[in-house]
$ cat query07.txt   # compact mmCIF, C-alpha atoms
# COMPACT_ATOMS: atom_id res chain seq x y z
CA MET A 1 105.44 135.73 145.62
CA ARG A 2 109.00 135.80 144.38
CA ASN A 3 111.22 133.12 142.96
CA LEU A 4 114.11 131.59 144.87
CA THR A 5 117.20 130.75 142.80
CA LEU A 6 119.60 127.95 143.70
CA THR A 7 123.35 127.96 143.14
CA ALA A 8 126.27 125.82 144.26
CA ILE A 9 128.47 127.51 146.86
CA ALA A 10 131.23 125.85 148.85
CA ALA A 11 130.33 122.39 147.54
CA ILE A 12 126.73 122.49 148.79
CA THR A 13 123.51 123.80 147.30
CA SER A 14 122.72 127.10 148.98
CA LEU A 15 120.78 130.26 148.38
CA ALA A 16 121.31 133.05 145.92
CA PHE A 17 118.13 135.01 146.52
CA SER A 18 116.70 137.25 143.85
CA THR A 19 116.66 140.53 145.76
CA SER A 20 116.20 143.92 144.19
CA ALA A 21 118.43 146.95 144.43
CA LEU A 22 115.77 148.47 146.70
CA ALA A 23 115.76 145.55 149.16
CA GLU A 24 114.91 146.70 152.68
CA LYS A 25 117.68 147.41 155.14
CA ILE A 26 116.81 146.46 158.71
CA ALA A 27 118.46 147.29 162.03
CA ILE A 28 117.50 145.23 165.08
CA ILE A 29 118.58 147.39 168.00
CA GLY A 30 118.89 146.84 171.73
CA GLY A 31 118.08 143.15 172.08
CA LYS A 32 119.92 140.37 173.85
CA VAL A 33 121.45 138.58 170.87
CA HIS A 34 122.30 134.88 171.03
CA THR A 35 124.58 134.64 168.00
CA MET A 36 125.30 130.90 168.42
CA ALA A 37 128.71 131.81 166.96
CA ALA A 38 132.09 133.13 168.14
CA GLN A 39 130.58 136.40 169.42
CA GLY A 40 128.51 134.46 171.93
CA THR A 41 125.65 136.23 173.69
CA LEU A 42 125.57 140.03 173.46
CA ASP A 43 123.48 142.27 175.71
CA GLU A 44 121.83 145.26 174.00
CA ALA A 45 123.45 144.60 170.62
CA THR A 46 122.65 145.77 167.09
CA VAL A 47 122.12 143.47 164.10
CA LEU A 48 122.26 145.03 160.63
CA ILE A 49 120.63 143.36 157.62
CA GLU A 50 120.92 144.22 153.94
CA ASN A 51 120.01 142.30 150.77
CA GLY A 52 118.93 139.25 152.71
CA ARG A 53 122.20 138.87 154.60
CA ILE A 54 123.55 139.87 157.99
CA THR A 55 126.14 142.58 157.40
CA LYS A 56 127.19 143.49 160.95
CA ILE A 57 126.61 142.51 164.56
CA ILE A 58 127.68 145.32 166.86
CA PRO A 59 127.95 144.51 170.59
CA GLN A 60 126.21 147.73 171.62
CA THR A 61 123.27 149.93 170.76
CA VAL A 62 124.03 152.27 167.86
CA SER A 63 122.17 154.81 165.78
CA THR A 64 121.65 154.10 162.10
CA ASP A 65 120.99 156.34 159.13
CA ALA A 66 117.53 156.83 157.70
CA SER A 67 117.99 154.06 155.12
CA TYR A 68 117.41 151.42 157.82
CA ARG A 69 114.05 150.37 159.19
CA VAL A 70 114.54 149.96 162.91
CA ILE A 71 113.13 147.12 165.00
CA ASP A 72 113.29 148.10 168.66
CA ALA A 73 114.36 144.94 170.48
CA LYS A 74 115.15 146.50 173.85
CA GLY A 75 114.18 144.07 176.59
CA LYS A 76 113.72 141.30 174.03
CA VAL A 77 115.75 138.29 172.85
CA VAL A 78 117.18 137.79 169.35
CA THR A 79 118.06 134.34 167.99
CA PRO A 80 118.75 132.66 164.67
CA GLY A 81 115.61 131.39 162.96
CA PHE A 82 114.78 127.90 164.17
CA ILE A 83 115.23 124.89 161.89
CA GLY A 84 112.68 122.08 162.00
CA ALA A 85 115.01 119.09 162.14
CA PHE A 86 112.77 116.34 160.72
CA THR A 87 109.26 116.85 159.30
CA SER A 88 107.02 116.21 156.30
CA LEU A 89 106.05 119.89 156.05
CA GLY A 90 105.06 120.86 152.52
CA LEU A 91 104.15 117.26 151.72
CA LEU A 92 101.31 116.82 154.16
CA GLU A 93 98.15 118.65 155.18
CA VAL A 94 95.76 116.05 156.60
CA PRO A 95 97.36 112.62 157.14
CA SER A 96 94.12 110.66 156.83
CA TRP A 97 93.16 112.17 153.46
CA ALA A 98 95.24 111.00 150.49
CA GLY A 99 94.33 114.10 148.49
CA THR A 100 96.52 116.19 150.79
CA ASN A 101 99.23 113.66 151.57
CA ASP A 102 102.32 113.41 149.39
CA ALA A 103 104.41 112.11 152.29
CA THR A 104 103.42 108.48 151.67
CA VAL A 105 104.13 106.36 148.60
CA GLU A 106 102.26 103.15 147.80
CA ASN A 107 103.29 100.36 145.43
CA SER A 108 106.37 101.96 143.87
CA TYR A 109 109.48 100.05 142.81
CA LEU A 110 111.38 103.20 143.77
CA ASN A 111 112.27 103.88 147.39
CA ALA A 112 115.77 105.28 147.89
CA ALA A 113 115.40 107.13 144.57
CA LEU A 114 112.28 109.02 145.63
CA ASP A 115 112.77 112.79 145.79
CA ALA A 116 110.66 114.81 148.23
CA SER A 117 111.77 118.16 146.80
CA ILE A 118 109.60 117.87 143.68
CA ALA A 119 106.43 117.24 145.71
CA ILE A 120 106.68 120.19 148.10
CA ASN A 121 103.74 122.59 148.13
CA PRO A 122 104.99 126.16 148.78
CA GLU A 123 101.45 127.19 149.75
CA THR A 124 101.03 124.59 152.48
CA THR A 125 98.71 125.79 155.23
CA LEU A 126 101.24 124.57 157.79
CA LYS A 127 103.87 127.09 156.69
CA ASN A 128 102.40 130.14 158.41
CA ILE A 129 101.40 128.16 161.49
CA THR A 130 105.00 127.02 161.88
CA ARG A 131 106.86 130.22 161.13
CA ILE A 132 104.89 132.39 163.56
CA GLU A 133 106.40 130.17 166.27
CA GLY A 134 109.95 131.11 165.25
CA PHE A 135 110.78 128.56 162.53
CA THR A 136 112.31 129.86 159.32
CA SER A 137 113.27 126.59 157.60
CA VAL A 138 112.63 122.86 157.93
CA ALA A 139 113.95 119.53 156.76
CA THR A 140 111.15 117.59 155.08
CA SER A 141 110.92 114.01 153.86
CA LEU A 142 108.59 111.14 153.07
CA SER A 143 107.16 109.17 155.98
CA TYR A 144 106.15 105.91 154.26
CA THR A 145 107.26 104.05 151.13
CA GLY A 146 106.64 100.39 151.91
CA SER A 147 110.39 99.98 152.25
CA MET A 148 113.08 100.71 154.81
CA PHE A 149 114.30 103.48 152.48
CA LYS A 150 112.17 106.63 152.63
CA GLY A 151 113.89 108.44 149.79
CA ARG A 152 115.72 111.74 149.67
CA GLY A 153 114.56 114.67 151.75
CA ALA A 154 114.98 118.41 151.19
CA ILE A 155 115.54 121.59 153.15
CA MET A 156 112.92 124.28 152.54
CA THR A 157 112.54 127.88 153.61
CA LEU A 158 109.31 129.08 155.19
CA GLY A 159 109.54 132.40 153.36
CA ASP A 160 107.06 133.37 150.66
CA TYR A 161 108.69 131.91 147.56
CA ASP A 162 107.33 129.96 144.61
CA GLN A 163 110.36 127.67 144.81
CA PRO A 164 111.01 127.19 148.54
CA VAL A 165 113.60 124.39 148.35
CA ILE A 166 117.01 125.62 149.47
CA LYS A 167 118.76 122.25 149.29
CA LYS A 168 117.52 119.42 147.10
CA ARG A 169 118.31 115.81 147.95
CA ALA A 170 119.78 117.04 151.23
CA PHE A 171 119.69 113.66 152.96
CA MET A 172 118.63 110.02 152.65
CA SER A 173 115.99 108.76 155.07
CA LEU A 174 116.13 105.17 156.33
CA ASP A 175 113.84 103.38 158.79
CA LEU A 176 115.46 100.64 160.89
CA SER A 177 112.80 100.66 163.60
CA ASN A 178 110.03 98.06 163.97
CA SER A 179 108.29 99.72 161.02
CA GLY A 180 111.34 99.25 158.84
CA ALA A 181 111.53 95.59 159.76
CA ASP A 182 107.82 95.15 159.00
CA ALA A 183 108.41 96.56 155.51
CA ASN A 184 111.30 94.16 154.88
CA GLY A 185 110.06 90.66 155.43
CA GLY A 186 108.70 91.35 158.89
CA SER A 187 112.00 90.69 160.63
CA ARG A 188 115.29 92.38 161.40
CA ALA A 189 116.92 89.18 160.18
CA ALA A 190 115.87 90.18 156.67
CA MET A 191 116.16 93.95 157.10
CA TRP A 192 119.84 94.05 158.02
CA VAL A 193 120.83 91.64 155.23
CA ASN A 194 118.91 93.69 152.66
CA LEU A 195 120.48 96.92 153.91
CA ARG A 196 124.04 95.63 153.65
CA LYS A 197 123.30 94.23 150.21
CA ALA A 198 121.98 97.61 149.03
CA PHE A 199 125.05 99.45 150.32
CA ASN A 200 127.44 96.91 148.78
CA GLU A 201 125.74 97.21 145.40
CA ALA A 202 125.95 101.01 145.62
CA ILE A 203 129.70 100.76 146.32
CA TYR A 204 130.10 98.44 143.33
CA ALA A 205 128.10 100.78 141.08
CA ALA A 206 129.84 103.98 142.20
CA PRO A 207 132.65 103.94 139.59
CA LEU A 208 130.33 102.89 136.75
CA ASP A 209 129.01 105.30 134.14
CA ILE A 210 125.38 104.35 134.58
CA THR A 211 123.00 105.15 131.72
CA PRO A 212 119.57 103.76 130.78
CA GLN A 213 121.42 101.30 128.55
CA THR A 214 123.68 100.02 131.34
CA GLU A 215 123.30 96.29 131.90
CA TRP A 216 122.63 95.64 135.56
CA HIS A 217 122.26 92.32 137.37
CA GLY A 218 122.10 93.55 140.96
CA THR A 219 119.20 92.65 143.23
CA VAL A 220 118.45 96.30 144.00
CA ASN A 221 116.79 98.43 141.32
CA ILE A 222 119.42 100.47 139.46
CA GLU A 223 117.67 103.80 140.17
CA ASN A 224 117.69 103.05 143.88
CA VAL A 225 121.34 102.02 143.69
CA LYS A 226 122.24 105.30 141.95
CA ALA A 227 120.48 107.23 144.71
CA LEU A 228 122.53 105.40 147.35
CA ILE A 229 125.92 106.15 145.79
CA PRO A 230 126.26 109.62 147.45
CA VAL A 231 125.34 107.97 150.76
CA VAL A 232 128.03 105.28 150.70
CA LYS A 233 130.55 107.89 149.53
CA GLY A 234 129.73 110.08 152.54
CA GLU A 235 128.50 112.93 150.35
CA GLN A 236 124.91 112.81 151.59
CA PRO A 237 123.77 112.57 155.24
CA LEU A 238 122.00 109.35 156.17
CA LEU A 239 119.18 109.83 158.68
CA ILE A 240 118.24 106.57 160.36
CA LYS A 241 115.04 106.19 162.37
CA THR A 242 115.57 103.72 165.18
CA HIS A 243 114.85 103.38 168.88
CA ARG A 244 116.23 100.16 170.36
CA ALA A 245 119.68 100.26 171.90
CA ALA A 246 120.53 96.93 170.24
CA ASP A 247 119.70 98.39 166.82
CA ILE A 248 121.81 101.46 167.53
CA ARG A 249 124.75 99.19 168.32
CA HIS A 250 124.15 97.37 165.02
CA ILE A 251 124.30 100.73 163.24
CA LEU A 252 127.57 101.65 164.93
CA HIS A 253 129.03 98.27 163.95
CA MET A 254 127.82 98.75 160.37
CA MET A 255 129.57 102.13 160.26
CA LYS A 256 132.87 100.33 160.85
CA ASN A 257 132.29 98.36 157.64
CA PHE A 258 130.91 101.29 155.64
CA LYS A 259 133.32 103.88 156.96
CA ARG A 260 132.15 106.85 154.90
CA LEU A 261 128.56 106.89 156.11
CA ASP A 262 127.48 110.22 157.62
CA VAL A 263 124.88 108.96 160.09
CA THR A 264 122.38 110.84 162.24
CA LEU A 265 119.83 108.96 164.34
CA VAL A 266 116.15 109.94 164.42
CA GLY A 267 113.86 109.04 167.32
CA ALA A 268 116.44 107.07 169.29
CA SER A 269 114.42 106.68 172.49
CA GLU A 270 117.04 104.35 173.97
CA ALA A 271 120.07 106.27 172.68
CA TRP A 272 121.11 107.31 176.18
CA LEU A 273 122.03 103.67 176.85
CA VAL A 274 124.78 103.89 174.22
CA ALA A 275 125.61 107.58 174.63
CA ASP A 276 129.36 107.11 175.01
CA GLU A 277 129.58 104.97 171.87
CA LEU A 278 127.57 107.53 169.88
CA ALA A 279 129.82 110.34 171.07
CA ALA A 280 132.94 108.38 170.10
CA ALA A 281 131.51 107.75 166.63
CA GLY A 282 130.46 111.39 166.17
CA VAL A 283 126.81 110.46 165.59
CA ALA A 284 124.22 113.18 166.25
CA VAL A 285 120.65 112.46 167.37
CA ILE A 286 117.34 114.07 166.38
CA LEU A 287 114.82 113.27 169.08
CA ASN A 288 111.57 114.22 170.73
CA PRO A 289 112.49 115.01 174.35
CA GLU A 290 108.90 114.33 175.41
CA SER A 291 109.10 110.65 174.37
CA ASN A 292 109.05 109.02 177.78
CA LEU A 293 106.49 106.27 177.21
CA PRO A 294 107.32 102.89 175.64
CA TYR A 295 104.92 102.86 172.69
CA GLY A 296 106.51 99.54 171.72
CA PHE A 297 109.00 97.05 173.09
CA GLU A 298 111.76 98.84 171.20
CA GLU A 299 111.26 101.86 173.51
CA ASN A 300 111.27 100.20 176.92
CA ALA A 301 114.03 102.52 178.17
CA ALA A 302 112.43 105.78 176.98
CA THR A 303 113.00 108.66 179.41
CA LEU A 304 112.62 112.42 179.68
CA ALA A 305 116.34 112.54 180.51
CA ASN A 306 117.39 111.18 177.08
CA ALA A 307 118.51 114.55 175.67
CA ALA A 308 120.36 115.58 178.84
CA ARG A 309 122.21 112.28 179.15
CA LEU A 310 123.24 112.32 175.49
CA ASN A 311 124.47 115.90 175.80
CA ALA A 312 126.44 115.07 178.94
CA ALA A 313 128.22 112.32 177.01
CA GLY A 314 129.13 114.72 174.19
CA VAL A 315 126.46 113.77 171.66
CA GLU A 316 124.98 116.63 169.61
CA VAL A 317 121.20 116.70 169.99
CA ALA A 318 118.58 118.26 167.72
CA ILE A 319 114.85 118.36 168.35
CA GLY A 320 112.41 116.99 165.80
CA ILE A 321 108.74 116.14 166.32
CA ASN A 322 105.83 115.41 164.02
CA THR A 323 104.94 117.79 161.21
CA HIS A 324 101.84 119.40 162.71
CA ASN A 325 103.56 120.01 166.03
CA ILE A 326 107.08 121.00 164.99
CA ARG A 327 105.99 124.53 165.92
CA LEU A 328 105.94 123.32 169.54
CA ALA A 329 109.59 122.21 169.46
CA PRO A 330 110.77 125.29 171.45
CA GLN A 331 108.41 124.18 174.21
CA HIS A 332 109.85 120.68 174.05
CA ALA A 333 113.36 122.12 174.18
CA GLY A 334 112.35 124.00 177.31
CA ASN A 335 111.08 120.77 178.85
CA ALA A 336 114.38 119.09 177.96
CA VAL A 337 116.14 121.93 179.80
CA ALA A 338 113.86 121.32 182.78
CA ASN A 339 115.03 117.70 182.69
CA GLY A 340 118.73 118.51 182.75
CA LEU A 341 119.74 119.69 179.27
CA PRO A 342 121.81 122.92 179.47
CA TRP A 343 119.87 125.95 178.18
CA GLU A 344 122.50 126.69 175.53
CA ALA A 345 122.24 123.10 174.26
CA GLY A 346 118.46 123.49 174.11
CA LEU A 347 118.83 126.51 171.83
CA ALA A 348 121.52 124.76 169.77
CA ALA A 349 119.12 121.83 169.27
CA LEU A 350 116.91 124.19 167.24
CA THR A 351 119.64 126.11 165.40
CA THR A 352 123.28 125.12 165.01
CA VAL A 353 122.91 121.35 165.41
CA PRO A 354 120.30 120.80 162.66
CA ALA A 355 122.22 123.21 160.40
CA LYS A 356 125.37 121.16 160.92
CA ILE A 357 123.58 117.83 160.37
CA TYR A 358 122.36 118.96 156.96
CA GLY A 359 125.56 120.73 155.94
CA ILE A 360 124.00 124.20 155.74
CA ASP A 361 125.77 125.70 158.76
CA SER A 362 127.80 128.08 156.58
CA TYR A 363 124.58 129.99 155.86
CA TYR A 364 122.00 129.01 158.51
CA GLY A 365 121.72 128.33 162.21
CA SER A 366 123.79 131.19 163.64
CA LEU A 367 124.11 134.97 163.48
CA LYS A 368 127.27 136.45 161.98
CA PRO A 369 128.17 138.61 158.98
CA GLY A 370 127.50 136.86 155.68
CA MET A 371 124.86 134.49 157.03
CA VAL A 372 121.37 134.39 155.54
CA ALA A 373 119.23 136.78 157.57
CA ASP A 374 116.85 134.27 159.16
CA ILE A 375 116.30 135.97 162.52
CA VAL A 376 113.63 135.93 165.22
CA VAL A 377 112.97 138.57 167.87
CA TRP A 378 111.26 137.13 170.95
CA SER A 379 109.31 138.75 173.76
CA GLY A 380 111.54 136.84 176.19
CA ASP A 381 113.14 133.42 176.65
CA PRO A 382 112.38 131.47 173.44
CA LEU A 383 112.30 128.18 175.37
CA GLU A 384 109.70 129.50 177.81
CA VAL A 385 106.09 128.76 176.80
CA MET A 386 104.84 132.20 177.92
CA HIS A 387 107.02 134.01 175.37
CA ALA A 388 106.59 134.21 171.61
CA PRO A 389 108.09 135.85 168.52
CA THR A 390 107.38 139.54 167.98
CA ASN A 391 109.26 139.67 164.67
CA VAL A 392 110.20 136.88 162.25
CA ILE A 393 112.64 137.70 159.45
CA ILE A 394 113.28 135.22 156.64
CA ASN A 395 116.00 136.01 154.09
CA GLY A 396 115.95 139.63 155.23
CA ASP A 397 112.18 140.01 154.81
CA GLU A 398 109.94 140.39 157.84
CA VAL A 399 106.94 138.09 157.48
CA PRO A 400 103.50 138.77 158.99
CA LEU A 401 102.68 136.85 162.16
CA GLU A 402 99.45 135.55 160.69
CA SER A 403 97.95 132.16 159.99
CA ARG A 404 94.51 130.84 159.14
CA GLN A 405 93.99 130.28 162.84
CA THR A 406 94.91 133.81 163.90
CA LYS A 407 92.68 135.27 161.18
CA LEU A 408 89.78 133.15 162.39
CA ARG A 409 90.45 134.28 165.96
CA ASP A 410 90.57 137.93 164.96
CA ARG A 411 87.40 137.66 162.91
CA TYR A 412 85.31 136.55 165.87
CA LEU A 413 87.24 138.14 168.72
CA VAL A 414 84.88 141.11 168.74
CA ILE A 415 81.25 140.56 167.80
CA ASP A 416 79.69 143.33 165.71
CA ASN A 417 76.21 143.64 167.19
CA GLU A 418 75.08 145.88 164.33
CA LYS A 419 75.26 142.95 161.94
CA PRO A 420 72.21 140.65 161.87
CA GLN A 421 72.45 137.32 163.67
CA GLN A 422 72.79 134.43 161.22
CA TYR A 423 72.08 131.82 163.87
CA THR A 424 70.74 131.83 167.40
CA ARG A 425 70.59 128.82 169.67
CA PRO A 426 66.97 127.67 170.16

$ encode --input "query07.txt" --output "structure tokens"
Amino acid sequence: MRNLTLTAIAAITSLAFSTSALAEKIAIIGGKVHTMAAQGTLDEATVLIENGRITKIIPQTVSTDASYRVIDAKGKVVTPGFIGAFTSLGLLEVPSWAGTNDATVENSYLNAALDASIAINPETTLKNITRIEGFTSVATSLSYTGSMFKGRGAIMTLGDYDQPVIKKRAFMSLDLSNSGADANGGSRAAMWVNLRKAFNEAIYAAPLDITPQTEWHGTVNIENVKALIPVVKGEQPLLIKTHRAADIRHILHMMKNFKRLDVTLVGASEAWLVADELAAAGVAVILNPESNLPYGFEENAATLANAARLNAAGVEVAIGINTHNIRLAPQHAGNAVANGLPWEAGLAALTTVPAKIYGIDSYYGSLKPGMVADIVVWSGDPLEVMHAPTNVIINGDEVPLESRQTKLRDRYLVIDNEKPQQYTRP
């Protein structure tokens, strides 16, 4: 495995990959290319890759010199690598076993100050399972802290790197659903007061030169307050898990008081009820389009049409589902399309929208010269369950379409009768 080096470019943390002078040059030729950029959709185009970046996209089939390895994409579809919009990938293997679960934190005085990036396991078994379904990067964060604040999440690549984090402290995660209320006195009456108090203390602390010797008399721990300063200044996205329409309206009202907040909703089963207000406020939504059952009274208005109705109102929609099933998000996007979401919006929900939410859209989420070469070649429509990736390229490197599951399948797909039986059924 190789190391990934981070550098600051254009005011965000982005990638400066350690590639060698002999890095492979790749030409993807003949495919239908959905650039998700100004070039739009190109039939039988050519995508050229060098040193981990896209160098050219030519709207026709061309011949290349011998220095390029050619991927024949004729009759296939080419898209940007998909971005898992909200997961705990890299922090979680088996939820019920604490030995493999760094996504939950018990009994810590820290909550907002928690940093998921330092707990990520680059060798997670879920990495290969996810990337062979077309995902090249994911947003990952803690799922439980005993507080409404779930700490700071990170963006990680699914390439083979010892240091997979491509953006540390990429966002703050906040739970204002029933679970968030349960963790804050058991009532929204306490939760909303505590939230406003935390934001006000962060605003007060913002101009201070805070050191370990700084005297602090606020009610919120100083480390948590420091972590919230970029949030109240609008420098760090705030992802808020919520479902109930009334809570969403509370959030929109709160944004009028804390005007710099960069809010994205997560879950938001009843968001369609306030779609026009969300569009006017410029608030994006990360949702599971399959959430059509009211698992609690805060989701009474859940519907399969949530994504389509939000999109029709002008709300940007991304698709995020639980960690072990984020690989199925293209399927869910296809189901959202079947329930009224435009096909282009379904593809954007897996590419440009999550990239924009996390402020990495200058390098990820679309195909154009200069972008990181995270590219997937599909056998057909990527939102159709019968089609799958034939080639997955991450940072200009094609990765094998293998996982523990595929290796197990291949091992027993053909029985070698010359080998002795180890077990026979009585």

$ residues_around --input "query07.txt" --residues "Asp276 of chain A" --least-positions-apart "5" --cutoff "10 Å" --atoms "all atoms listed in the file" --output "ChimeraX atom specification"
/A:271,281-282,309-310,312-315

$ write_last_selection --input "query07.txt" --atoms "C-alpha atoms" --output "compact mmCIF listing (two decimals), in the frame of the given file"
# COMPACT_ATOMS: atom_id res chain seq x y z
CA ALA A 271 120.07 106.27 172.68
CA ALA A 281 131.51 107.75 166.63
CA GLY A 282 130.46 111.39 166.17
CA ARG A 309 122.21 112.28 179.15
CA LEU A 310 123.24 112.32 175.49
CA ALA A 312 126.44 115.07 178.94
CA ALA A 313 128.22 112.32 177.01
CA GLY A 314 129.13 114.72 174.19
CA VAL A 315 126.46 113.77 171.66

$ closest_residue --input "query07.txt" --among "A:Ser88, A:Asn178, A:Ser117, A:Thr100" --to "Phe297 of chain A" --atoms "all atoms listed in the file"
A:Asn178

$ atom_distance --input "query07.txt" --atom1 "atom CA of Pro212 of chain A" --atom2 "atom CA of Arg152 of chain A"
20.9 Å

$ residues_around --input "query07.txt" --residues "Pro164 of chain A" --least-positions-apart "6" --cutoff "8 Å" --atoms "all atoms listed in the file" --output "NGL selection string"
:A and (4 or 122 or 156-158)

$ write_last_selection --input "query07.txt" --atoms "C-alpha atoms" --output "CSV table (one decimal), in the frame of the given file"
chain,number,residue,atom,x,y,z
A,4,LEU,CA,114.1,131.6,144.9
A,122,PRO,CA,105.0,126.2,148.8
A,156,MET,CA,112.9,124.3,152.5
A,157,THR,CA,112.5,127.9,153.6
A,158,LEU,CA,109.3,129.1,155.2

$ atom_distance --input "query07.txt" --atom1 "atom CA of Asn292 of chain A" --atom2 "atom CA of His243 of chain A"
12.0 Å

$ closest_residue --input "query07.txt" --among "A:Ile132, A:Leu195, A:Ile393, A:Ile203" --to "Lys25 of chain A" --atoms "only C-alpha atoms"
A:Ile393

$ residues_around --input "query07.txt" --residues "Arg260 of chain A" --least-positions-apart "4" --cutoff "8 Å" --atoms "all atoms listed in the file" --output "list in words"
Val232, Lys233, Gly234 and Met255 of chain A

$ residues_around --input "query07.txt" --residues "Val138 of chain A" --least-positions-apart "6" --cutoff "6 Å" --atoms "all atoms listed in the file" --output "MDAnalysis selection string"
chainID A and resid 83:84 155:156

$ residues_near_point --input "query07.txt" --point "(117.7, 150.1, 164.0)" --cutoff "10 Å" --atoms "all atoms listed in the file" --output "PyMOL selection string"
chain A and resi 25-30+46-49+61-73

$ write_last_selection --input "query07.txt" --atoms "C-alpha atoms" --output "PDB file, in the frame of the given file"
ATOM      1  CA  LYS A  25     117.680 147.410 155.140  1.00  0.00           C
ATOM      2  CA  ILE A  26     116.810 146.460 158.710  1.00  0.00           C
ATOM      3  CA  ALA A  27     118.460 147.290 162.030  1.00  0.00           C
ATOM      4  CA  ILE A  28     117.500 145.230 165.080  1.00  0.00           C
ATOM      5  CA  ILE A  29     118.580 147.390 168.000  1.00  0.00           C
ATOM      6  CA  GLY A  30     118.890 146.840 171.730  1.00  0.00           C
ATOM      7  CA  THR A  46     122.650 145.770 167.090  1.00  0.00           C
ATOM      8  CA  VAL A  47     122.120 143.470 164.100  1.00  0.00           C
ATOM      9  CA  LEU A  48     122.260 145.030 160.630  1.00  0.00           C
ATOM     10  CA  ILE A  49     120.630 143.360 157.620  1.00  0.00           C
ATOM     11  CA  THR A  61     123.270 149.930 170.760  1.00  0.00           C
ATOM     12  CA  VAL A  62     124.030 152.270 167.860  1.00  0.00           C
ATOM     13  CA  SER A  63     122.170 154.810 165.780  1.00  0.00           C
ATOM     14  CA  THR A  64     121.650 154.100 162.100  1.00  0.00           C
ATOM     15  CA  ASP A  65     120.990 156.340 159.130  1.00  0.00           C
ATOM     16  CA  ALA A  66     117.530 156.830 157.700  1.00  0.00           C
ATOM     17  CA  SER A  67     117.990 154.060 155.120  1.00  0.00           C
ATOM     18  CA  TYR A  68     117.410 151.420 157.820  1.00  0.00           C
ATOM     19  CA  ARG A  69     114.050 150.370 159.190  1.00  0.00           C
ATOM     20  CA  VAL A  70     114.540 149.960 162.910  1.00  0.00           C
ATOM     21  CA  ILE A  71     113.130 147.120 165.000  1.00  0.00           C
ATOM     22  CA  ASP A  72     113.290 148.100 168.660  1.00  0.00           C
ATOM     23  CA  ALA A  73     114.360 144.940 170.480  1.00  0.00           C
TER      24      ALA A  73
END

$ closest_residue --input "query07.txt" --among "A:Leu401, A:Ala388, A:Ile129, A:Ala302" --to "Pro330 of chain A" --atoms "all atoms listed in the file"
A:Ala388

$ atom_distance --input "query07.txt" --atom1 "atom CA of Ala113 of chain A" --atom2 "atom CA of Asn325 of chain A"
27.7 Å

$ residues_around --input "query07.txt" --residues "Ala333 of chain A" --least-positions-apart "6" --cutoff "8 Å" --atoms "all atoms listed in the file" --output "PDB file with C-alpha atoms, in the coordinates of the input"
ATOM      1  CA  PRO A 289     112.490 115.010 174.350  1.00  0.00           C
ATOM      2  CA  ILE A 319     114.850 118.360 168.350  1.00  0.00           C
ATOM      3  CA  GLY A 346     118.460 123.490 174.110  1.00  0.00           C
ATOM      4  CA  LEU A 347     118.830 126.510 171.830  1.00  0.00           C
ATOM      5  CA  ALA A 349     119.120 121.830 169.270  1.00  0.00           C
ATOM      6  CA  LEU A 383     112.300 128.180 175.370  1.00  0.00           C
TER       7      LEU A 383
END

$ closest_residue --input "query07.txt" --among "A:Gly151, A:Gly267, A:Gly296, A:Gly365" --to "Ala227 of chain A" --atoms "all atoms listed in the file"
A:Gly151

$ closest_residue --input "query07.txt" --among "A:Ala206, A:Ala85, A:Ala190, A:Leu367" --to "Asn288 of chain A" --atoms "only C-alpha atoms"
A:Ala85

$ closest_residue --input "query07.txt" --among "A:Gly320, A:Gly340, A:Pro59, A:Gly134" --to "Asp374 of chain A" --atoms "all atoms listed in the file"
A:Gly134

$ residues_near_point --input "query07.txt" --point "(96.5, 121.1, 167.5)" --cutoff "12 Å" --atoms "all atoms listed in the file" --output "PyMOL selection string"
chain A and resi 126+129-130+322-328+405

$ build_atoms --input "query07.txt" --residues "segment 44-52 of chain A" --atoms "N, CA and C atoms" --output "PDB file, in the coordinates of the input"
ATOM      1  N   GLU A  44     122.133 143.972 174.647  1.00  0.00           N
ATOM      2  CA  GLU A  44     121.830 145.260 174.000  1.00  0.00           C
ATOM      3  C   GLU A  44     122.708 145.473 172.767  1.00  0.00           C
ATOM      4  N   ALA A  45     122.645 144.543 171.842  1.00  0.00           N
ATOM      5  CA  ALA A  45     123.450 144.600 170.620  1.00  0.00           C
ATOM      6  C   ALA A  45     122.618 145.108 169.449  1.00  0.00           C
ATOM      7  N   THR A  46     123.295 145.304 168.323  1.00  0.00           N
ATOM      8  CA  THR A  46     122.650 145.770 167.090  1.00  0.00           C
ATOM      9  C   THR A  46     122.981 144.795 165.968  1.00  0.00           C
ATOM     10  N   VAL A  47     121.950 144.355 165.251  1.00  0.00           N
ATOM     11  CA  VAL A  47     122.120 143.470 164.100  1.00  0.00           C
ATOM     12  C   VAL A  47     121.677 144.228 162.854  1.00  0.00           C
ATOM     13  N   LEU A  48     122.568 144.326 161.870  1.00  0.00           N
ATOM     14  CA  LEU A  48     122.260 145.030 160.630  1.00  0.00           C
ATOM     15  C   LEU A  48     122.060 144.028 159.497  1.00  0.00           C
ATOM     16  N   ILE A  49     121.012 144.260 158.705  1.00  0.00           N
ATOM     17  CA  ILE A  49     120.630 143.360 157.620  1.00  0.00           C
ATOM     18  C   ILE A  49     120.501 144.147 156.326  1.00  0.00           C
ATOM     19  N   GLU A  50     121.039 143.587 155.252  1.00  0.00           N
ATOM     20  CA  GLU A  50     120.920 144.220 153.940  1.00  0.00           C
ATOM     21  C   GLU A  50     120.963 143.140 152.865  1.00  0.00           C
ATOM     22  N   ASN A  51     120.064 143.250 151.888  1.00  0.00           N
ATOM     23  CA  ASN A  51     120.010 142.300 150.770  1.00  0.00           C
ATOM     24  C   ASN A  51     119.942 140.851 151.230  1.00  0.00           C
ATOM     25  N   GLY A  52     119.164 140.616 152.266  1.00  0.00           N
ATOM     26  CA  GLY A  52     118.930 139.250 152.710  1.00  0.00           C
ATOM     27  C   GLY A  52     120.030 138.633 153.529  1.00  0.00           C
TER      28      GLY A  52
END
